[in-house]
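Here is start-v2.txt, consisting of compact mmCIF, C-alpha atoms:
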# COMPACT_ATOMS: atom_id res chain seq x y z
CA MET A 988 40.85 -21.70 61.41
CA ILE A 989 37.22 -22.58 60.84
CA GLU A 990 36.73 -25.38 58.35
CA ILE A 991 34.16 -24.32 55.79
CA GLU A 992 32.30 -27.28 54.32
CA LYS A 993 29.14 -27.52 52.29
CA VAL A 994 26.13 -29.45 53.60
CA ASN A 995 24.11 -31.79 51.41
CA LEU A 996 20.57 -31.95 52.77
CA GLN A 997 19.80 -35.43 51.49
CA SER A 998 23.03 -36.89 52.88
CA LYS A 999 22.16 -35.48 56.30
CA LEU A 1000 18.56 -36.71 56.07
CA ASN A 1001 19.85 -40.20 55.35
CA THR A 1002 21.52 -40.32 58.78
CA PHE A 1003 18.36 -40.36 60.91
CA ASP A 1004 14.81 -41.67 60.96
CA ALA A 1005 13.19 -40.31 64.12
CA TYR A 1006 10.24 -37.96 63.70
CA TRP A 1007 9.90 -34.61 65.47
CA THR A 1008 13.54 -34.50 66.56
CA PRO A 1009 15.26 -31.62 64.75
CA LYS A 1010 18.99 -31.96 64.10
CA ILE A 1011 21.32 -28.97 63.82
CA VAL A 1012 23.14 -28.82 60.47
CA GLY A 1013 24.30 -25.22 60.43
CA GLU A 1014 24.83 -22.17 62.63
CA LEU A 1015 25.01 -18.52 61.69
CA ASN A 1016 24.32 -15.22 63.41
CA LYS A 1017 22.99 -17.00 66.52
CA GLN A 1018 20.48 -18.82 64.33
CA HIS A 1019 20.33 -22.54 63.68
CA VAL A 1020 19.63 -24.39 60.47
CA LYS A 1021 17.92 -27.65 61.37
CA LEU A 1022 16.64 -30.68 59.52
CA ALA A 1023 13.67 -32.69 60.72
CA LYS A 1024 11.31 -35.42 59.60
CA PHE A 1025 7.68 -35.15 60.58
CA LYS A 1026 4.89 -37.69 60.39
CA GLY A 1027 1.56 -37.50 62.19
CA GLU A 1028 0.44 -34.63 64.38
CA PHE A 1029 2.51 -32.30 66.52
CA VAL A 1030 1.13 -30.16 69.34
CA MET A 1031 -0.35 -26.71 68.92
CA HIS A 1032 2.23 -24.32 70.37
CA GLU A 1033 3.78 -20.91 69.97
CA HIS A 1034 7.22 -19.40 70.41
CA LYS A 1035 7.15 -16.32 72.60
CA HIS A 1036 10.32 -14.73 71.24
CA GLU A 1037 11.24 -16.50 68.02
CA ASP A 1038 10.01 -16.34 64.45
CA GLU A 1039 10.35 -19.75 62.80
CA LEU A 1040 10.82 -20.73 59.16
CA PHE A 1041 9.65 -24.07 57.73
CA PHE A 1042 10.99 -25.05 54.30
CA VAL A 1043 9.74 -28.29 52.73
CA ILE A 1044 12.37 -30.50 51.11
CA CYS A 1045 10.35 -33.63 50.37
CA GLY A 1046 6.72 -34.53 51.07
CA GLU A 1047 3.73 -32.43 52.09
CA LEU A 1048 3.50 -30.34 55.24
CA PHE A 1049 0.38 -28.89 56.81
CA ILE A 1050 0.48 -26.18 59.46
CA GLU A 1051 -2.73 -25.51 61.30
CA LEU A 1052 -3.19 -21.90 62.44
CA GLN A 1053 -6.14 -20.45 64.29
CA GLU A 1054 -7.71 -18.97 61.16
CA LYS A 1055 -6.60 -21.36 58.42
CA THR A 1056 -4.41 -24.29 57.51
CA LEU A 1057 -1.33 -23.88 55.32
CA HIS A 1058 -0.32 -26.63 52.86
CA LEU A 1059 3.32 -26.59 51.80
CA SER A 1060 4.93 -28.67 49.06
CA PRO A 1061 8.63 -29.11 48.21
CA GLY A 1062 10.29 -25.79 47.37
CA GLU A 1063 7.90 -23.79 49.56
CA PHE A 1064 8.47 -22.11 52.91
CA VAL A 1065 6.54 -20.12 55.47
CA VAL A 1066 7.58 -17.89 58.33
CA ILE A 1067 5.51 -18.30 61.50
CA PRO A 1068 5.95 -15.09 63.51
CA LYS A 1069 6.55 -15.24 67.25
CA GLY A 1070 3.39 -15.46 69.31
CA VAL A 1071 1.37 -17.20 66.60
CA PRO A 1072 -0.03 -20.60 67.63
CA HIS A 1073 0.69 -23.29 65.05
CA LYS A 1074 0.44 -27.04 64.79
CA PRO A 1075 2.44 -28.88 62.12
CA TYR A 1076 1.10 -32.17 60.84
CA ALA A 1077 1.90 -34.51 58.00
CA PRO A 1078 -0.26 -37.48 56.92
CA GLU A 1079 2.84 -38.96 55.27
CA GLU A 1080 6.52 -38.40 56.05
CA VAL A 1081 7.82 -34.95 55.22
CA SER A 1082 11.40 -33.66 55.40
CA VAL A 1083 11.84 -30.03 56.38
CA MET A 1084 14.57 -27.48 56.90
CA LEU A 1085 14.05 -25.07 59.77
CA PHE A 1086 15.67 -21.72 60.29
CA GLU A 1087 15.26 -20.18 63.72
CA PRO A 1088 17.16 -18.66 66.64
CA ALA A 1089 19.41 -21.02 68.59
CA THR A 1090 17.18 -20.46 71.62
CA THR A 1091 14.10 -22.04 70.01
CA LEU A 1092 12.48 -24.98 71.79
CA ASN A 1093 10.60 -27.27 69.40
CA THR A 1094 7.38 -27.30 71.40
CA GLY A 1095 7.55 -23.60 72.32
CA ASN A 1096 5.31 -22.83 75.28
CA THR A 1097 3.87 -26.34 75.43
CA GLU A 1098 6.27 -28.79 77.01
CA SER A 1099 5.31 -32.40 76.48
CA ASP A 1100 6.89 -35.75 75.71
CA LEU A 1101 7.54 -34.33 72.25
CA THR A 1102 9.85 -31.67 73.69
CA VAL A 1103 13.51 -32.07 72.72
CA THR A 1104 15.91 -29.95 74.78
CA GLU A 1105 19.26 -31.34 73.63
CA LEU A 1106 19.53 -31.28 69.88
CA ASP A 1107 22.07 -33.37 68.02
CA LYS A 1108 24.43 -31.74 65.58
CA ILE A 1109 24.87 -33.92 62.53
CA MET B 495 -3.11 -8.98 62.07
CA ILE B 496 -0.13 -10.27 60.12
CA GLU B 497 -1.11 -12.24 57.05
CA ILE B 498 0.79 -15.51 57.01
CA GLU B 499 1.34 -16.83 53.51
CA LYS B 500 3.61 -19.49 52.13
CA VAL B 501 6.29 -18.62 49.57
CA ASN B 502 6.94 -20.78 46.50
CA LEU B 503 10.56 -20.34 45.47
CA GLN B 504 10.04 -21.10 41.79
CA SER B 505 7.10 -18.68 41.52
CA LYS B 506 9.26 -15.91 42.97
CA LEU B 507 12.21 -16.81 40.74
CA ASN B 508 9.94 -16.50 37.71
CA THR B 509 9.37 -12.81 38.48
CA PHE B 510 12.89 -11.56 37.74
CA ASP B 511 15.85 -12.15 35.46
CA ALA B 512 18.61 -9.82 36.63
CA TYR B 513 21.79 -11.40 37.95
CA TRP B 514 23.46 -10.43 41.23
CA THR B 515 20.45 -8.50 42.53
CA PRO B 516 19.04 -10.34 45.55
CA LYS B 517 15.33 -9.98 46.26
CA ILE B 518 13.84 -10.20 49.74
CA VAL B 519 11.22 -12.95 50.03
CA GLY B 520 11.03 -13.38 53.80
CA GLU B 521 11.95 -11.73 57.09
CA LEU B 522 12.42 -13.28 60.51
CA ASN B 523 14.37 -12.41 63.64
CA LYS B 524 16.05 -9.46 61.89
CA GLN B 525 17.29 -11.83 59.19
CA HIS B 526 16.32 -11.80 55.54
CA VAL B 527 15.55 -14.67 53.23
CA LYS B 528 16.59 -13.63 49.73
CA LEU B 529 16.49 -15.15 46.28
CA ALA B 530 19.06 -14.37 43.63
CA LYS B 531 20.25 -15.50 40.24
CA PHE B 532 23.95 -15.53 39.55
CA LYS B 533 25.84 -15.93 36.30
CA GLY B 534 29.47 -15.10 35.69
CA GLU B 535 31.87 -13.82 38.33
CA PHE B 536 31.17 -11.71 41.38
CA VAL B 537 33.80 -9.78 43.32
CA MET B 538 35.92 -11.20 46.13
CA HIS B 539 34.55 -9.63 49.31
CA GLU B 540 33.84 -10.26 52.96
CA HIS B 541 31.17 -9.26 55.45
CA LYS B 542 32.64 -7.79 58.59
CA HIS B 543 29.72 -8.58 60.88
CA GLU B 544 27.48 -11.07 59.11
CA ASP B 545 27.61 -14.80 58.49
CA GLU B 546 25.96 -15.66 55.19
CA LEU B 547 24.23 -18.82 53.99
CA PHE B 548 24.05 -19.83 50.31
CA PHE B 549 21.57 -22.58 49.39
CA VAL B 550 21.46 -23.77 45.78
CA ILE B 551 18.01 -24.24 44.27
CA CYS B 552 18.88 -24.85 40.62
CA GLY B 553 22.21 -24.90 38.79
CA GLU B 554 25.78 -25.10 40.02
CA LEU B 555 27.45 -22.56 42.30
CA PHE B 556 31.14 -22.11 42.93
CA ILE B 557 32.49 -20.08 45.83
CA GLU B 558 36.18 -19.26 45.74
CA LEU B 559 37.82 -18.97 49.16
CA GLN B 560 41.45 -18.22 49.88
CA GLU B 561 42.35 -21.87 50.47
CA LYS B 562 39.94 -23.73 48.22
CA THR B 563 36.91 -23.50 45.98
CA LEU B 564 33.53 -24.89 47.01
CA HIS B 565 31.20 -26.46 44.44
CA LEU B 566 27.53 -26.57 45.41
CA SER B 567 24.74 -28.39 43.61
CA PRO B 568 20.97 -28.20 44.18
CA GLY B 569 20.01 -29.19 47.72
CA GLU B 570 23.35 -28.08 49.16
CA PHE B 571 24.24 -25.08 51.30
CA VAL B 572 27.26 -23.50 52.90
CA VAL B 573 27.69 -20.92 55.64
CA ILE B 574 30.41 -18.36 55.00
CA PRO B 575 31.39 -16.95 58.41
CA LYS B 576 31.90 -13.23 58.85
CA GLY B 577 35.35 -12.00 57.95
CA VAL B 578 35.99 -14.75 55.41
CA PRO B 579 36.75 -13.48 51.88
CA HIS B 580 34.66 -15.25 49.26
CA LYS B 581 33.88 -14.87 45.59
CA PRO B 582 30.79 -16.55 44.13
CA TYR B 583 30.83 -17.49 40.47
CA ALA B 584 28.68 -19.54 38.17
CA PRO B 585 29.62 -20.54 34.61
CA GLU B 586 25.90 -21.07 33.93
CA GLU B 587 22.88 -19.52 35.62
CA VAL B 588 22.30 -20.62 39.18
CA SER B 589 19.37 -19.81 41.47
CA VAL B 590 20.15 -19.46 45.15
CA MET B 591 18.41 -18.76 48.43
CA LEU B 592 20.33 -16.62 50.93
CA PHE B 593 19.86 -16.34 54.68
CA GLU B 594 21.62 -13.42 56.30
CA PRO B 595 21.07 -10.48 58.64
CA ALA B 596 18.97 -7.64 57.28
CA THR B 597 22.05 -5.42 57.49
CA THR B 598 24.02 -7.42 54.91
CA LEU B 599 25.32 -5.59 51.83
CA ASN B 600 25.79 -7.91 48.85
CA THR B 601 29.35 -6.80 48.10
CA GLY B 602 30.37 -6.57 51.77
CA ASN B 603 33.50 -4.47 52.18
CA THR B 604 34.00 -4.04 48.43
CA GLU B 605 31.63 -1.48 47.00
CA SER B 606 31.45 -1.56 43.23
CA ASP B 607 28.95 -1.26 40.41
CA LEU B 608 27.68 -4.66 41.57
CA THR B 609 26.63 -3.18 44.92
CA VAL B 610 22.87 -3.12 45.52
CA THR B 611 21.78 -0.97 48.45
CA GLU B 612 18.01 -0.96 48.00
CA LEU B 613 16.68 -4.48 47.70
CA ASP B 614 13.27 -5.21 46.25
CA LYS B 615 10.78 -7.24 48.22
CA ILE B 616 8.96 -9.63 45.93

Could I get this file's structure written as structure tokens?
Amino acid sequence: MIEIEKVNLQSKLNTFDAYWTPKIVGELNKQHVKLAKFKGEFVMHEHKHEDELFFVICGELFIELQEKTLHLSPGEFVVIPKGVPHKPYAPEEVSVMLFEPATTLNTGNTESDLTVTELDKI
Amino acid sequence: MIEIEKVNLQSKLNTFDAYWTPKIVGELNKQHVKLAKFKGEFVMHEHKHEDELFFVICGELFIELQEKTLHLSPGEFVVIPKGVPHKPYAPEEVSVMLFEPATTLNTGNTESDLTVTELDKI
């Protein structure tokens, strides 16, 4: 019997501080729901096979694309289609919820010291 | 060239009033992001093949399961695995975001006058 429990985003966010290290908080249909905190600049990267959704919970998120830069505030999301280079950055701390296939690597095609291959489930 | 635009949940919610009629606001990896407003009682139903995520934006959502009832407030979500009977209800209006496969029918295995087969994209 699967135990079905609700997830409170803020309670989960309170359990970690590290930036750029997504944590898995839900799984469905081979997709993961992740929470992450960002501050500073990430690397420009793309995901060859996965579309990726960024939803802002708290703070301001910028996503640099080739043609423009998106600015997301709390209660806003964007879907970055596979194959589209993007670079998230946040002058101040931002908390985000991600929705993407379980196969998604945070740095996509650009492995670096920011790459996280083993994600915690919290 | 795909136009990549952010989605503001509240702006989308302001465009409709009808209860129990999910609207598609995003697509990724053959999944849909939907917004809906609920008030009153839905039907007990299950989805044979699809896990379903309910995220509360505004208001209070109850989901009756066979063994217990979940109570979700803003900033909380739950994943209802496929095959699990569930009945959403809301004494007062609640706004929710849904993540689920594009194939998902709102009433699952229980077609009724609440069933919506053609979903609007807003």

Exercise for review: Take the point (0.0, -29.3, 52.2) as written in the file and pick out every residue within 6 Å of it, counting all atoms listed in the file; give the list as a list in words.
Suggested key: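 Every polymer residue passing the test: Glu1047, Leu1048, Phe1049, His1058, Leu1059 and Ser1060 of chain A.
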
Review point. Counting all atoms listed in the file, which residues from chain B have an atom at most 7 Å from any atom of chain A, and could you show them as a list of chain:residue names?
Key: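 Residues passing the distance filter: B:Glu499, B:Lys500, B:Val501, B:Asn502, B:Leu503, B:Leu522, B:Asn523, B:Glu544, B:Asp545, B:Gly569, B:Glu570, B:Phe571, B:Val572.
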
Check your understanding: Quick one: distance from CA of Ala512 (chain B) to CA of Asn603 (chain B) in Å, one decimal?
Key ->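 These atoms are spaced 22.2 Å apart.
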
Fitted chain A, least squares over ordered Cα pairs with chain B, as a CSV table (one decimal) with C-alpha atoms, in the frame of the given file:
chain,number,residue,atom,x,y,z
A,988,MET,CA,-3.1,-9.0,62.1
A,989,ILE,CA,-0.1,-10.3,60.1
A,990,GLU,CA,-1.1,-12.2,57.0
A,991,ILE,CA,0.8,-15.5,57.0
A,992,GLU,CA,1.3,-16.8,53.5
A,993,LYS,CA,3.6,-19.5,52.1
A,994,VAL,CA,6.3,-18.6,49.6
A,995,ASN,CA,6.9,-20.8,46.5
A,996,LEU,CA,10.6,-20.3,45.5
A,997,GLN,CA,10.0,-21.1,41.8
A,998,SER,CA,7.1,-18.7,41.5
A,999,LYS,CA,9.2,-15.9,43.0
A,1000,LEU,CA,12.2,-16.8,40.7
A,1001,ASN,CA,9.9,-16.5,37.7
A,1002,THR,CA,9.3,-12.8,38.5
A,1003,PHE,CA,12.9,-11.6,37.7
A,1004,ASP,CA,15.8,-12.2,35.5
A,1005,ALA,CA,18.6,-9.8,36.6
A,1006,TYR,CA,21.8,-11.4,38.0
A,1007,TRP,CA,23.5,-10.4,41.2
A,1008,THR,CA,20.4,-8.5,42.5
A,1009,PRO,CA,19.0,-10.3,45.6
A,1010,LYS,CA,15.3,-10.0,46.3
A,1011,ILE,CA,13.8,-10.2,49.7
A,1012,VAL,CA,11.2,-13.0,50.0
A,1013,GLY,CA,11.0,-13.4,53.8
A,1014,GLU,CA,11.9,-11.7,57.1
A,1015,LEU,CA,12.4,-13.3,60.5
A,1016,ASN,CA,14.4,-12.4,63.6
A,1017,LYS,CA,16.1,-9.5,61.9
A,1018,GLN,CA,17.3,-11.8,59.2
A,1019,HIS,CA,16.3,-11.8,55.5
A,1020,VAL,CA,15.6,-14.7,53.2
A,1021,LYS,CA,16.6,-13.6,49.7
A,1022,LEU,CA,16.5,-15.1,46.3
A,1023,ALA,CA,19.1,-14.4,43.6
A,1024,LYS,CA,20.2,-15.5,40.2
A,1025,PHE,CA,23.9,-15.5,39.5
A,1026,LYS,CA,25.8,-15.9,36.3
A,1027,GLY,CA,29.5,-15.1,35.7
A,1028,GLU,CA,31.9,-13.8,38.3
A,1029,PHE,CA,31.2,-11.7,41.4
A,1030,VAL,CA,33.8,-9.8,43.3
A,1031,MET,CA,35.9,-11.2,46.1
A,1032,HIS,CA,34.5,-9.6,49.3
A,1033,GLU,CA,33.8,-10.3,53.0
A,1034,HIS,CA,31.2,-9.3,55.5
A,1035,LYS,CA,32.6,-7.8,58.6
A,1036,HIS,CA,29.7,-8.6,60.9
A,1037,GLU,CA,27.5,-11.1,59.1
A,1038,ASP,CA,27.6,-14.8,58.5
A,1039,GLU,CA,26.0,-15.6,55.2
A,1040,LEU,CA,24.2,-18.8,54.0
A,1041,PHE,CA,24.1,-19.8,50.3
A,1042,PHE,CA,21.6,-22.6,49.4
A,1043,VAL,CA,21.5,-23.8,45.8
A,1044,ILE,CA,18.0,-24.2,44.3
A,1045,CYS,CA,18.9,-24.9,40.6
A,1046,GLY,CA,22.2,-24.9,38.8
A,1047,GLU,CA,25.8,-25.1,40.0
A,1048,LEU,CA,27.4,-22.6,42.3
A,1049,PHE,CA,31.1,-22.1,42.9
A,1050,ILE,CA,32.5,-20.1,45.8
A,1051,GLU,CA,36.2,-19.3,45.7
A,1052,LEU,CA,37.8,-19.0,49.2
A,1053,GLN,CA,41.5,-18.2,49.9
A,1054,GLU,CA,42.4,-21.9,50.5
A,1055,LYS,CA,39.9,-23.7,48.2
A,1056,THR,CA,36.9,-23.5,46.0
A,1057,LEU,CA,33.5,-24.9,47.0
A,1058,HIS,CA,31.2,-26.5,44.4
A,1059,LEU,CA,27.5,-26.6,45.4
A,1060,SER,CA,24.7,-28.4,43.6
A,1061,PRO,CA,21.0,-28.2,44.2
A,1062,GLY,CA,20.0,-29.2,47.7
A,1063,GLU,CA,23.4,-28.1,49.2
A,1064,PHE,CA,24.2,-25.1,51.3
A,1065,VAL,CA,27.3,-23.5,52.9
A,1066,VAL,CA,27.7,-20.9,55.7
A,1067,ILE,CA,30.4,-18.4,55.0
A,1068,PRO,CA,31.4,-16.9,58.4
A,1069,LYS,CA,31.9,-13.2,58.9
A,1070,GLY,CA,35.4,-12.0,58.0
A,1071,VAL,CA,36.0,-14.8,55.4
A,1072,PRO,CA,36.8,-13.5,51.9
A,1073,HIS,CA,34.7,-15.3,49.3
A,1074,LYS,CA,33.9,-14.9,45.6
A,1075,PRO,CA,30.8,-16.6,44.1
A,1076,TYR,CA,30.8,-17.5,40.5
A,1077,ALA,CA,28.7,-19.5,38.2
A,1078,PRO,CA,29.6,-20.6,34.6
A,1079,GLU,CA,25.9,-21.1,33.9
A,1080,GLU,CA,22.9,-19.5,35.6
A,1081,VAL,CA,22.3,-20.6,39.2
A,1082,SER,CA,19.4,-19.8,41.5
A,1083,VAL,CA,20.2,-19.4,45.1
A,1084,MET,CA,18.4,-18.7,48.4
A,1085,LEU,CA,20.3,-16.6,50.9
A,1086,PHE,CA,19.8,-16.3,54.6
A,1087,GLU,CA,21.6,-13.5,56.3
A,1088,PRO,CA,21.1,-10.5,58.6
A,1089,ALA,CA,19.0,-7.6,57.3
A,1090,THR,CA,22.1,-5.4,57.5
A,1091,THR,CA,24.0,-7.4,54.9
A,1092,LEU,CA,25.3,-5.6,51.8
A,1093,ASN,CA,25.8,-7.9,48.9
A,1094,THR,CA,29.3,-6.8,48.1
A,1095,GLY,CA,30.4,-6.6,51.8
A,1096,ASN,CA,33.5,-4.5,52.2
A,1097,THR,CA,34.0,-4.0,48.4
A,1098,GLU,CA,31.6,-1.5,47.0
A,1099,SER,CA,31.5,-1.5,43.2
A,1100,ASP,CA,28.9,-1.2,40.4
A,1101,LEU,CA,27.7,-4.6,41.6
A,1102,THR,CA,26.6,-3.2,44.9
A,1103,VAL,CA,22.9,-3.1,45.5
A,1104,THR,CA,21.8,-1.0,48.5
A,1105,GLU,CA,18.0,-1.0,48.0
A,1106,LEU,CA,16.7,-4.5,47.7
A,1107,ASP,CA,13.3,-5.2,46.2
A,1108,LYS,CA,10.8,-7.2,48.2
A,1109,ILE,CA,8.9,-9.6,45.9

Exercise for review: May I have the protein, DNA and RNA residues with an atom at most 12 Å from (18.6, -4.9, 47.9), counting only C-alpha atoms in the file's coordinates, returned as a ChimeraX atom specification?
Suggested key: /B:514-519,526-530,596-601,608-616

Point to revise | Residues near Ala1077 (chain A), cut-off 9 Å, all atoms listed in the file, skip fewer than 3 positions along chain, as a list in words | key: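 Non-adjacent residues within range: Phe1025, Lys1026, Gly1027, Glu1028, Phe1029, Gly1046, Glu1047, Leu1048, Phe1049, Ile1050, Glu1080 and Val1081 of chain A.
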
Practice item. Quote the spacing between CA of Tyr1006 (chain A) and CA of Gly1095 (chain A) in Å to one decimal place. Key: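 These atoms are spaced 17.0 Å apart.
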
**Study point:** One-decimal distance in Å that lies between CA of Lys1035 (chain A) and CA of His1073 (chain A)
**Key:**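 Those two atoms sit 12.1 Å apart.
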
Review point. Near Met1031 (chain A), within 8 Å and counting only C-alpha atoms, which residues show up once chain neighbours fewer than 5 positions away are dropped, as a PyMOL selection string?
Key: chain A and resi 1072-1075+1097
